[in-house]
>>> print(open('final_21.csv').read())   # CSV, C-alpha atoms
chain,number,residue,atom,x,y,z
A,1,MET,CA,102.4,68.2,134.3
A,2,ALA,CA,104.7,65.5,132.9
A,3,ARG,CA,107.9,67.1,131.8
A,4,THR,CA,110.6,65.2,129.9
A,5,THR,CA,114.0,66.4,131.0
A,6,GLY,CA,116.8,67.2,128.5
A,7,SER,CA,116.8,69.5,125.6
A,8,ASP,CA,114.8,67.2,123.2
A,9,GLY,CA,111.9,67.0,125.6
A,10,GLU,CA,111.9,70.7,126.2
A,11,LYS,CA,112.1,71.4,122.5
A,12,THR,CA,109.1,69.1,121.9
A,13,GLU,CA,107.1,70.7,124.6
A,14,ALA,CA,107.8,74.1,123.3
A,15,ALA,CA,106.8,73.0,119.8
A,16,ILE,CA,103.6,71.6,121.2
A,17,ARG,CA,102.7,74.8,122.9
A,18,GLU,CA,103.5,76.9,119.8
A,19,ALA,CA,101.6,74.6,117.5
A,20,ALA,CA,98.6,74.5,119.9
A,21,ILE,CA,98.4,78.3,120.2
A,22,ASN,CA,98.5,78.7,116.4
A,23,LEU,CA,95.9,76.0,115.7
A,24,ILE,CA,93.5,77.1,118.4
A,25,ALA,CA,93.8,80.8,117.3
A,26,ARG,CA,93.1,79.7,113.8
A,27,PHE,CA,90.3,77.1,114.2
A,28,GLY,CA,89.1,77.5,117.8
A,29,TYR,CA,89.7,75.1,120.7
A,30,GLU,CA,86.7,72.8,120.0
A,31,ALA,CA,87.7,72.2,116.4
A,32,VAL,CA,91.4,71.2,117.2
A,33,SER,CA,92.1,67.5,118.1
A,34,MET,CA,95.1,66.1,119.9
A,35,ARG,CA,95.6,64.0,116.8
A,36,GLN,CA,95.8,67.1,114.5
A,37,LEU,CA,98.1,68.8,117.0
A,38,ALA,CA,100.4,65.7,117.0
A,39,ALA,CA,100.5,65.7,113.2
A,40,GLU,CA,101.3,69.4,113.2
A,41,VAL,CA,104.2,68.9,115.6
A,42,GLY,CA,105.3,65.7,113.9
A,43,VAL,CA,105.0,63.4,116.8
A,44,GLN,CA,102.7,60.5,117.7
A,45,ALA,CA,99.6,61.4,119.6
A,46,ALA,CA,100.8,59.2,122.5
A,47,ALA,CA,103.9,61.5,122.8
A,48,LEU,CA,101.6,64.5,123.3
A,49,TYR,CA,99.9,62.9,126.3
A,50,ARG,CA,103.3,62.6,128.0
A,51,TYR,CA,103.4,66.4,128.2
A,52,PHE,CA,99.7,67.1,128.6
A,53,PRO,CA,97.3,64.5,130.0
A,54,ASN,CA,94.4,65.9,128.0
A,55,LYS,CA,93.3,68.7,125.7
A,56,GLU,CA,91.8,70.9,128.3
A,57,ASP,CA,94.9,70.6,130.5
A,58,LEU,CA,96.9,71.9,127.5
A,59,LEU,CA,94.5,74.8,127.0
A,60,PHE,CA,94.5,75.6,130.7
A,61,THR,CA,98.3,75.5,130.8
A,62,LEU,CA,98.5,77.9,127.8
A,63,MET,CA,96.1,80.3,129.3
A,64,ARG,CA,97.6,80.1,132.8
A,65,GLU,CA,101.1,80.7,131.5
A,66,HIS,CA,99.9,83.6,129.4
A,67,MET,CA,98.4,85.4,132.5
A,68,GLU,CA,101.3,84.4,134.8
A,69,GLY,CA,103.8,85.7,132.2
A,70,LEU,CA,101.8,89.0,131.9
A,71,GLN,CA,101.8,89.5,135.7
A,72,ALA,CA,105.5,88.6,135.9
A,73,ALA,CA,106.4,91.0,133.1
A,74,TRP,CA,104.5,93.8,134.9
A,75,ILE,CA,106.1,93.0,138.3
A,76,GLN,CA,109.5,93.3,136.6
A,77,VAL,CA,108.9,96.8,135.2
A,78,ARG,CA,106.5,98.2,137.9
A,79,PRO,CA,107.9,101.5,139.1
A,80,THR,CA,109.0,101.6,142.7
A,81,GLY,CA,107.8,105.3,143.0
A,82,SER,CA,104.3,106.3,143.9
A,83,ASP,CA,103.6,108.7,141.0
A,84,PRO,CA,100.3,107.4,139.5
A,85,ARG,CA,101.1,108.9,136.0
A,86,ALA,CA,104.4,107.1,135.8
A,87,ARG,CA,102.8,103.9,137.0
A,88,LEU,CA,100.0,104.1,134.5
A,89,ALA,CA,102.5,104.8,131.7
A,90,ALA,CA,104.5,101.8,132.7
A,91,PHE,CA,101.4,99.6,132.8
A,92,VAL,CA,100.2,100.7,129.4
A,93,ARG,CA,103.6,100.3,127.7
A,94,ASN,CA,104.2,96.8,129.3
A,95,HIS,CA,100.7,95.6,128.4
A,96,ILE,CA,101.0,96.6,124.8
A,97,ARG,CA,104.5,95.3,124.4
A,98,PHE,CA,103.6,91.9,126.0
A,99,HIS,CA,100.5,91.4,123.9
A,100,VAL,CA,101.9,92.5,120.5
A,101,GLU,CA,104.6,89.9,121.0
A,102,ARG,CA,102.0,87.2,121.7
A,103,ARG,CA,99.1,87.9,119.3
A,104,HIS,CA,97.9,84.3,119.0
A,105,SER,CA,98.3,83.6,122.6
A,106,THR,CA,96.3,86.7,123.5
A,107,HIS,CA,93.6,85.7,121.0
A,108,VAL,CA,93.3,82.2,122.6
A,109,SER,CA,93.3,83.7,126.1
A,110,ASN,CA,90.5,86.1,125.3
A,111,MET,CA,88.4,83.7,123.3
A,112,GLU,CA,88.6,80.4,125.0
A,113,LEU,CA,87.5,81.1,128.5
A,114,ARG,CA,84.3,79.5,127.2
A,115,SER,CA,86.1,76.2,126.8
A,116,LEU,CA,87.5,75.9,130.4
A,117,SER,CA,85.9,73.7,133.1
A,118,HIS,CA,84.6,75.5,136.1
A,119,ASP,CA,87.7,75.0,138.3
A,120,ASN,CA,90.1,76.0,135.6
A,121,LEU,CA,88.0,79.0,134.6
A,122,THR,CA,87.9,80.1,138.3
A,123,HIS,CA,91.7,79.9,138.4
A,124,ILE,CA,92.2,81.9,135.2
A,125,LEU,CA,89.6,84.6,136.3
A,126,ARG,CA,91.5,84.9,139.6
A,127,LEU,CA,94.7,85.6,137.7
A,128,ARG,CA,92.9,88.2,135.5
A,129,THR,CA,91.4,89.8,138.6
A,130,ALA,CA,94.8,90.1,140.3
A,131,TYR,CA,96.3,91.7,137.2
A,132,GLU,CA,93.3,94.2,136.8
A,133,LYS,CA,93.7,95.0,140.5
A,134,GLU,CA,97.1,96.4,139.7
A,135,LEU,CA,95.5,98.9,137.3
A,136,ARG,CA,92.6,99.6,139.6
A,137,GLN,CA,95.1,100.5,142.4
A,138,ILE,CA,96.9,102.9,140.1
A,139,LEU,CA,93.7,104.6,139.1
A,140,ARG,CA,92.5,104.8,142.7
A,141,ASP,CA,95.8,106.3,143.9
A,142,GLY,CA,95.7,108.7,141.0
A,143,ALA,CA,92.1,109.7,141.8
A,144,ASP,CA,92.9,110.1,145.5
A,145,ALA,CA,95.9,112.3,144.6
A,146,ARG,CA,93.6,114.4,142.3
A,147,ALA,CA,96.0,113.4,139.4
A,148,PHE,CA,93.3,111.5,137.6
A,149,VAL,CA,89.6,112.1,137.0
A,150,VAL,CA,87.9,108.6,137.2
A,151,ASP,CA,84.1,108.2,137.5
A,152,ASP,CA,84.2,104.5,138.0
A,153,ILE,CA,87.5,102.7,138.9
A,154,GLY,CA,86.3,99.2,137.8
A,155,LEU,CA,84.8,100.3,134.5
A,156,THR,CA,87.7,102.5,133.6
A,157,ALA,CA,90.2,99.7,134.3
A,158,ILE,CA,88.3,97.3,132.0
A,159,ALA,CA,87.9,100.0,129.3
A,160,ILE,CA,91.6,100.8,129.3
A,161,ILE,CA,92.6,97.1,129.2
A,162,GLN,CA,90.2,96.4,126.3
A,163,MET,CA,91.3,99.4,124.4
A,164,ILE,CA,95.0,98.7,124.7
A,165,THR,CA,94.6,94.9,124.2
A,166,GLY,CA,92.8,95.7,121.0
A,167,VAL,CA,96.1,96.8,119.4
A,168,ILE,CA,96.7,93.1,118.6
A,169,VAL,CA,93.6,93.0,116.4
A,170,TRP,CA,95.0,95.3,113.7
A,171,PHE,CA,98.7,96.0,114.5
A,172,ARG,CA,101.3,94.2,112.5
A,173,PRO,CA,105.1,94.8,112.7
A,174,ASP,CA,106.6,96.5,109.7
A,175,GLU,CA,103.5,98.6,109.1
A,176,ARG,CA,103.6,102.4,109.2
A,177,LEU,CA,104.1,102.5,113.0
A,178,SER,CA,106.6,100.8,115.4
A,179,VAL,CA,105.4,99.1,118.6
A,180,ALA,CA,106.8,102.0,120.6
A,181,GLU,CA,105.0,104.6,118.5
A,182,VAL,CA,101.7,102.7,118.8
A,183,ALA,CA,102.2,102.4,122.6
A,184,GLU,CA,102.9,106.1,122.9
A,185,THR,CA,99.7,107.0,120.9
A,186,TYR,CA,97.6,104.6,123.1
A,187,LEU,CA,99.3,106.0,126.2
A,188,ALA,CA,98.4,109.5,125.2
A,189,MET,CA,94.8,108.4,124.8
A,190,THR,CA,94.9,106.6,128.1
A,191,MET,CA,96.3,109.7,129.8
A,192,ARG,CA,93.5,111.9,128.4
A,193,LEU,CA,90.9,109.2,129.2
A,194,THR,CA,91.9,109.3,132.9
A,195,GLY,CA,92.2,113.1,132.9
A,196,ALA,CA,95.9,112.7,133.6
A,197,GLU,CA,97.3,115.1,131.0
A,198,SER,CA,100.1,117.3,132.3
A,199,PRO,CA,98.9,120.9,133.1
A,200,ARG,CA,100.8,122.1,130.0
A,201,GLU,CA,98.8,119.7,127.8
A,202,VAL,CA,95.6,120.8,129.4
A,203,GLN,CA,96.6,124.4,128.7
A,204,HIS,CA,97.2,123.4,125.1
A,205,VAL,CA,93.6,122.1,124.9
A,206,HIS,CA,92.3,125.4,126.3
A,207,ALA,CA,94.4,127.4,123.9
A,208,HIS,CA,92.7,125.6,121.0
A,209,ALA,CA,89.2,125.3,122.5
B,210,MET,CA,69.7,83.2,99.4
B,211,ALA,CA,66.7,80.8,99.2
B,212,ARG,CA,63.9,82.1,101.3
B,213,THR,CA,60.7,80.2,101.9
B,214,THR,CA,57.7,82.6,102.0
B,215,GLY,CA,55.1,82.4,104.7
B,216,SER,CA,55.4,82.6,108.4
B,217,ASP,CA,56.5,79.0,109.0
B,218,GLY,CA,59.5,79.5,106.7
B,219,GLU,CA,60.4,82.8,108.2
B,220,LYS,CA,60.1,81.3,111.7
B,221,THR,CA,62.4,78.4,110.7
B,222,GLU,CA,64.9,80.8,109.1
B,223,ALA,CA,64.9,83.0,112.2
B,224,ALA,CA,65.4,79.9,114.4
B,225,ILE,CA,68.3,78.8,112.3
B,226,ARG,CA,70.0,82.1,112.6
B,227,GLU,CA,69.6,82.3,116.3
B,228,ALA,CA,70.7,78.7,116.9
B,229,ALA,CA,73.7,79.3,114.6
B,230,ILE,CA,74.8,82.4,116.4
B,231,ASN,CA,74.5,80.7,119.8
B,232,LEU,CA,76.3,77.5,118.7
B,233,ILE,CA,79.2,79.4,116.9
B,234,ALA,CA,79.6,81.8,119.8
B,235,ARG,CA,79.8,78.8,122.2
B,236,PHE,CA,82.0,76.4,120.2
B,237,GLY,CA,83.5,78.4,117.3
B,238,TYR,CA,82.6,78.1,113.6
B,239,GLU,CA,84.9,75.3,112.7
B,240,ALA,CA,83.5,73.0,115.4
B,241,VAL,CA,79.8,73.5,114.5
B,242,SER,CA,78.3,71.2,111.8
B,243,MET,CA,75.2,71.7,109.8
B,244,ARG,CA,73.9,68.4,111.2
B,245,GLN,CA,74.4,69.7,114.8
B,246,LEU,CA,72.7,73.0,113.9
B,247,ALA,CA,69.7,71.1,112.3
B,248,ALA,CA,69.4,69.0,115.4
B,249,GLU,CA,69.4,72.2,117.6
B,250,VAL,CA,66.7,73.8,115.5
B,251,GLY,CA,64.7,70.5,115.2
B,252,VAL,CA,64.7,70.2,111.5
B,253,GLN,CA,66.3,67.8,109.0
B,254,ALA,CA,69.8,68.8,107.7
B,255,ALA,CA,68.3,69.0,104.2
B,256,ALA,CA,65.8,71.7,105.3
B,257,LEU,CA,68.8,73.8,106.5
B,258,TYR,CA,70.2,73.9,102.9
B,259,ARG,CA,67.0,75.3,101.6
B,260,TYR,CA,67.8,78.5,103.6
B,261,PHE,CA,71.6,78.4,103.4
B,262,PRO,CA,73.4,76.6,100.6
B,263,ASN,CA,76.4,75.9,102.8
B,264,LYS,CA,77.9,76.6,106.2
B,265,GLU,CA,80.1,79.5,105.1
B,266,ASP,CA,77.2,81.1,103.4
B,267,LEU,CA,75.4,81.0,106.7
B,268,LEU,CA,78.3,82.5,108.6
B,269,PHE,CA,78.7,85.2,105.9
B,270,THR,CA,75.0,86.0,106.1
B,271,LEU,CA,75.1,86.3,109.9
B,272,MET,CA,78.2,88.6,109.8
B,273,ARG,CA,76.9,90.7,106.9
B,274,GLU,CA,73.5,91.3,108.5
B,275,HIS,CA,75.3,92.2,111.8
B,276,MET,CA,77.3,94.9,110.1
B,277,GLU,CA,74.4,96.1,107.9
B,278,GLY,CA,72.1,96.2,111.0
B,279,LEU,CA,74.8,98.3,112.9
B,280,GLN,CA,75.2,100.7,110.0
B,281,ALA,CA,71.3,101.0,109.6
B,282,ALA,CA,70.9,101.6,113.3
B,283,TRP,CA,73.5,104.4,113.2
B,284,ILE,CA,72.0,106.0,110.1
B,285,GLN,CA,68.7,106.1,111.9
B,286,VAL,CA,70.0,108.0,115.0
B,287,ARG,CA,72.8,110.0,113.3
B,288,PRO,CA,72.3,113.7,114.3
B,289,THR,CA,71.5,116.0,111.4
B,290,GLY,CA,73.4,118.8,113.1
B,291,SER,CA,77.2,119.4,112.7
B,292,ASP,CA,78.2,119.5,116.4
B,293,PRO,CA,81.0,116.9,116.7
B,294,ARG,CA,80.4,116.4,120.4
B,295,ALA,CA,76.7,115.6,119.8
B,296,ARG,CA,77.6,113.3,116.9
B,297,LEU,CA,80.2,111.5,118.9
B,298,ALA,CA,77.8,111.0,121.8
B,299,ALA,CA,75.1,109.6,119.5
B,300,PHE,CA,77.7,107.2,117.9
B,301,VAL,CA,78.9,105.9,121.3
B,302,ARG,CA,75.3,105.4,122.7
B,303,ASN,CA,74.1,103.7,119.5
B,304,HIS,CA,77.2,101.4,119.3
B,305,ILE,CA,76.8,100.3,122.9
B,306,ARG,CA,73.1,99.8,122.8
B,307,PHE,CA,73.3,97.8,119.5
B,308,HIS,CA,76.1,95.5,120.8
B,309,VAL,CA,74.7,94.9,124.3
B,310,GLU,CA,71.5,93.6,122.6
B,311,ARG,CA,73.5,91.3,120.3
B,312,ARG,CA,76.3,89.8,122.5
B,313,HIS,CA,76.6,86.5,120.8
B,314,SER,CA,76.3,88.0,117.3
B,315,THR,CA,79.1,90.5,118.2
B,316,HIS,CA,81.2,87.7,119.5
B,317,VAL,CA,80.8,85.8,116.3
B,318,SER,CA,81.5,88.9,114.1
B,319,ASN,CA,84.7,89.7,116.0
B,320,MET,CA,86.0,86.2,116.2
B,321,GLU,CA,85.1,84.5,112.9
B,322,LEU,CA,86.7,86.8,110.3
B,323,ARG,CA,89.3,84.0,110.3
B,324,SER,CA,86.7,81.6,108.9
B,325,LEU,CA,85.6,83.6,105.9
B,326,SER,CA,86.8,83.0,102.3
B,327,HIS,CA,88.7,85.8,100.7
B,328,ASP,CA,85.7,87.4,98.9
B,329,ASN,CA,83.4,87.2,101.8
B,330,LEU,CA,86.1,88.6,104.1
B,331,THR,CA,86.7,91.5,101.7
B,332,HIS,CA,82.9,92.2,101.7
B,333,ILE,CA,82.7,92.2,105.5
B,334,LEU,CA,85.9,94.3,105.9
B,335,ARG,CA,84.4,96.9,103.5
B,336,LEU,CA,81.3,97.1,105.7
B,337,ARG,CA,83.5,97.6,108.7
B,338,THR,CA,85.5,100.3,107.0
B,339,ALA,CA,82.4,102.1,106.0
B,340,TYR,CA,81.2,102.1,109.6
B,341,GLU,CA,84.5,103.2,111.1
B,342,LYS,CA,84.7,105.9,108.5
B,343,GLU,CA,81.6,107.5,110.1
B,344,LEU,CA,83.5,107.7,113.4
B,345,ARG,CA,86.7,108.9,111.7
B,346,GLN,CA,84.7,111.7,110.0
B,347,ILE,CA,83.3,112.8,113.4
B,348,LEU,CA,86.8,112.8,114.9
B,349,ARG,CA,88.2,114.7,111.9
B,350,ASP,CA,85.5,117.3,112.0
B,351,GLY,CA,85.9,117.7,115.8
B,352,ALA,CA,89.7,118.1,115.4
B,353,ASP,CA,89.2,120.6,112.6
B,354,ALA,CA,86.8,122.6,114.8
B,355,ARG,CA,89.3,122.5,117.7
B,356,ALA,CA,86.6,120.7,119.7
B,357,PHE,CA,88.7,117.5,120.0
B,358,VAL,CA,92.4,116.8,120.5
B,359,VAL,CA,93.2,113.8,118.3
B,360,ASP,CA,96.8,112.7,117.6
B,361,ASP,CA,95.9,110.0,115.0
B,362,ILE,CA,92.4,109.8,113.6
B,363,GLY,CA,92.6,106.2,112.5
B,364,LEU,CA,94.1,104.8,115.7
B,365,THR,CA,91.7,106.8,117.9
B,366,ALA,CA,88.7,105.5,115.9
B,367,ILE,CA,89.9,101.9,116.4
B,368,ALA,CA,90.7,102.5,120.1
B,369,ILE,CA,87.2,103.9,120.8
B,370,ILE,CA,85.4,101.1,118.9
B,371,GLN,CA,87.4,98.4,120.7
B,372,MET,CA,86.8,100.1,124.1
B,373,ILE,CA,83.1,100.5,123.7
B,374,THR,CA,82.6,97.1,122.0
B,375,GLY,CA,84.3,95.6,125.0
B,376,VAL,CA,81.2,96.3,127.1
B,377,ILE,CA,79.7,93.0,125.9
B,378,VAL,CA,82.5,91.0,127.4
B,379,TRP,CA,81.6,91.8,130.9
B,380,PHE,CA,78.2,93.6,131.0
B,381,ARG,CA,75.1,91.6,131.8
B,382,PRO,CA,71.6,93.1,132.3
B,383,ASP,CA,70.3,93.1,135.8
B,384,GLU,CA,73.8,93.8,137.3
B,385,ARG,CA,74.5,97.0,139.3
B,386,LEU,CA,74.3,99.2,136.2
B,387,SER,CA,71.7,99.7,133.5
B,388,VAL,CA,72.7,99.8,129.8
B,389,ALA,CA,72.1,103.6,129.8
B,390,GLU,CA,74.3,104.1,132.8
B,391,VAL,CA,77.1,102.0,131.3
B,392,ALA,CA,76.8,103.9,128.0
B,393,GLU,CA,77.1,107.3,129.9
B,394,THR,CA,80.2,106.2,131.7
B,395,TYR,CA,81.8,105.0,128.5
B,396,LEU,CA,80.7,108.2,126.8
B,397,ALA,CA,82.4,110.3,129.5
B,398,MET,CA,85.6,108.3,129.0
B,399,THR,CA,85.3,108.7,125.2
B,400,MET,CA,84.8,112.5,125.6
B,401,ARG,CA,87.9,112.8,127.8
B,402,LEU,CA,89.9,110.5,125.5
B,403,THR,CA,89.1,112.8,122.6
B,404,GLY,CA,89.8,115.9,124.6
B,405,ALA,CA,86.1,116.8,124.2
B,406,GLU,CA,85.2,117.7,127.7
B,407,SER,CA,83.3,121.0,128.1
B,408,PRO,CA,85.5,123.9,129.3
B,409,ARG,CA,83.8,123.6,132.7
B,410,GLU,CA,84.9,120.0,133.1
B,411,VAL,CA,88.5,120.9,132.2
B,412,GLN,CA,88.4,123.7,134.7
B,413,HIS,CA,87.3,121.1,137.2
B,414,VAL,CA,90.5,119.1,136.4
B,415,HIS,CA,92.5,122.3,136.9
B,416,ALA,CA,90.9,123.1,140.2
B,417,HIS,CA,91.9,119.7,141.6
B,418,ALA,CA,95.2,119.4,139.9
>>> encode(input="final_21.csv", output="structure tokens")
Amino acid sequence: MARTTGSDGEKTEAAIREAAINLIARFGYEAVSMRQLAAEVGVQAAALYRYFPNKEDLLFTLMREHMEGLQAAWIQVRPTGSDPRARLAAFVRNHIRFHVERRHSTHVSNMELRSLSHDNLTHILRLRTAYEKELRQILRDGADARAFVVDDIGLTAIAIIQMITGVIVWFRPDERLSVAEVAETYLAMTMRLTGAESPREVQHVHAHA
Amino acid sequence: MARTTGSDGEKTEAAIREAAINLIARFGYEAVSMRQLAAEVGVQAAALYRYFPNKEDLLFTLMREHMEGLQAAWIQVRPTGSDPRARLAAFVRNHIRFHVERRHSTHVSNMELRSLSHDNLTHILRLRTAYEKELRQILRDGADARAFVVDDIGLTAIAIIQMITGVIVWFRPDERLSVAEVAETYLAMTMRLTGAESPREVQHVHAHA
């Protein structure tokens, strides 16, 4: 990818990315033209092509960087210990925090797989699989250690990811709950879903059953 | 809405709906033109307008009928008894079956809220709220009866709906699992998520903890 050095070039490139994410999230990839994007950023269409050779390259870059950023964020907070409960909690908290901060980018990443060429789609799906694999490993380790009850590792990983990604559909900052509170509520649901409540919490269920 | 009587008119209208759902799911609402849709169906653009006065009316009709169909399907299978576990199970099974049979329509309904005018959006959101209310009532009754453990009724309802709707993203018929098997796996996760396992299943968790 062409990259103009210096702060003006970097600012323009960042502005293109942000405008592209917002326009695609609002209208869909197919409906957004490079001309419209250039107008939104306030540059000539020709300038756009210095940064992104074509529209699909731009989409691919946005989706690739979203997934690479998610994986990098997870690697940074991934616990070094082996406790599956602590690892699952870290995964859920990181996933929710990352996506709430990138609502439009998440929307684009989830919707526009349909718009990628075969090779680019394969690349993005490989990044997704690598990320999901992290969660599957946590679930498998938890099931092996009898800390979790998981019927189907793959389905459970997908179900958890879709449930916790769904936060972005309805959650807005400044509403009745903070990001941290929402994350803790979803974490509690995830822990129950995987049968990973602490014994005391399970006792609590019994006491009220 | 104009409706031509007789089987040719009904067939044309059904063909328009199906083509519209497929095109919008593939390219997004903004990118699909009435001209393109007419060509797909094999009619003149003028014929389209006899059925749908404009493109947004068509989108609104598709989204309204999706939600009305979902609510009607649920009313038909909704248990008459008061057992929250049986009601939750019926809700999950119906929701998954309905959406798996209407993947593209579900995709359009979830994505294109952004493309509705204010009044149409309000109408669709009201239908969604009415449907979610059915699940919230089940969760509330289950929590009141100490059958479920639910921290936040609203968040739990949204989380469950997003988790079980997510089946359409990855599930394809003829893969390793049938619709019924997928529904049962998701039902088991939902039951754990709401703390609604039978005492025997909770004992099972204890025995292995």
>>> interface_residues(input="final_21.csv", of="chain B", to="chain A", cutoff="8 Å", atoms="only C-alpha atoms", output="number ranges by chain")
B: 235-240, 320, 323-324, 355-356, 358, 360-361, 364-365, 368-369, 371-373, 375-376, 394-395, 398-404, 408, 411, 414-415, 417-418
>>> closest_residue(input="final_21.csv", among="B:Leu322, B:Trp283, B:Ile377, B:Pro293", to="B:His308", atoms="only C-alpha atoms")
B:Ile377
>>> atom_distance(input="final_21.csv", atom1="atom CA of A:Leu127", atom2="atom CA of A:Leu59")
15.2 Å
>>> atom_distance(input="final_21.csv", atom1="atom CA of B:Leu257", atom2="atom CA of A:Gln36")
28.9 Å
>>> atom_distance(input="final_21.csv", atom1="atom CA of A:Leu70", atom2="atom CA of B:Val309")
28.8 Å
>>> residues_near_point(input="final_21.csv", point="(96.6, 84.7, 118.0)", cutoff="8 Å", atoms="only C-alpha atoms", output="ChimeraX atom specification")
/A:21-22,25-26,102-108
>>> residues_around(input="final_21.csv", residues="A:Ser117", least_positions_apart="6", cutoff="12 Å", atoms="only C-alpha atoms", output="ChimeraX atom specification")
/A:55-57,59-60,123-125
>>> closest_residue(input="final_21.csv", among="A:Glu101, A:Glu184, A:Gly154, A:Ile75", to="B:Phe380", atoms="all atoms listed in the file")
A:Gly154
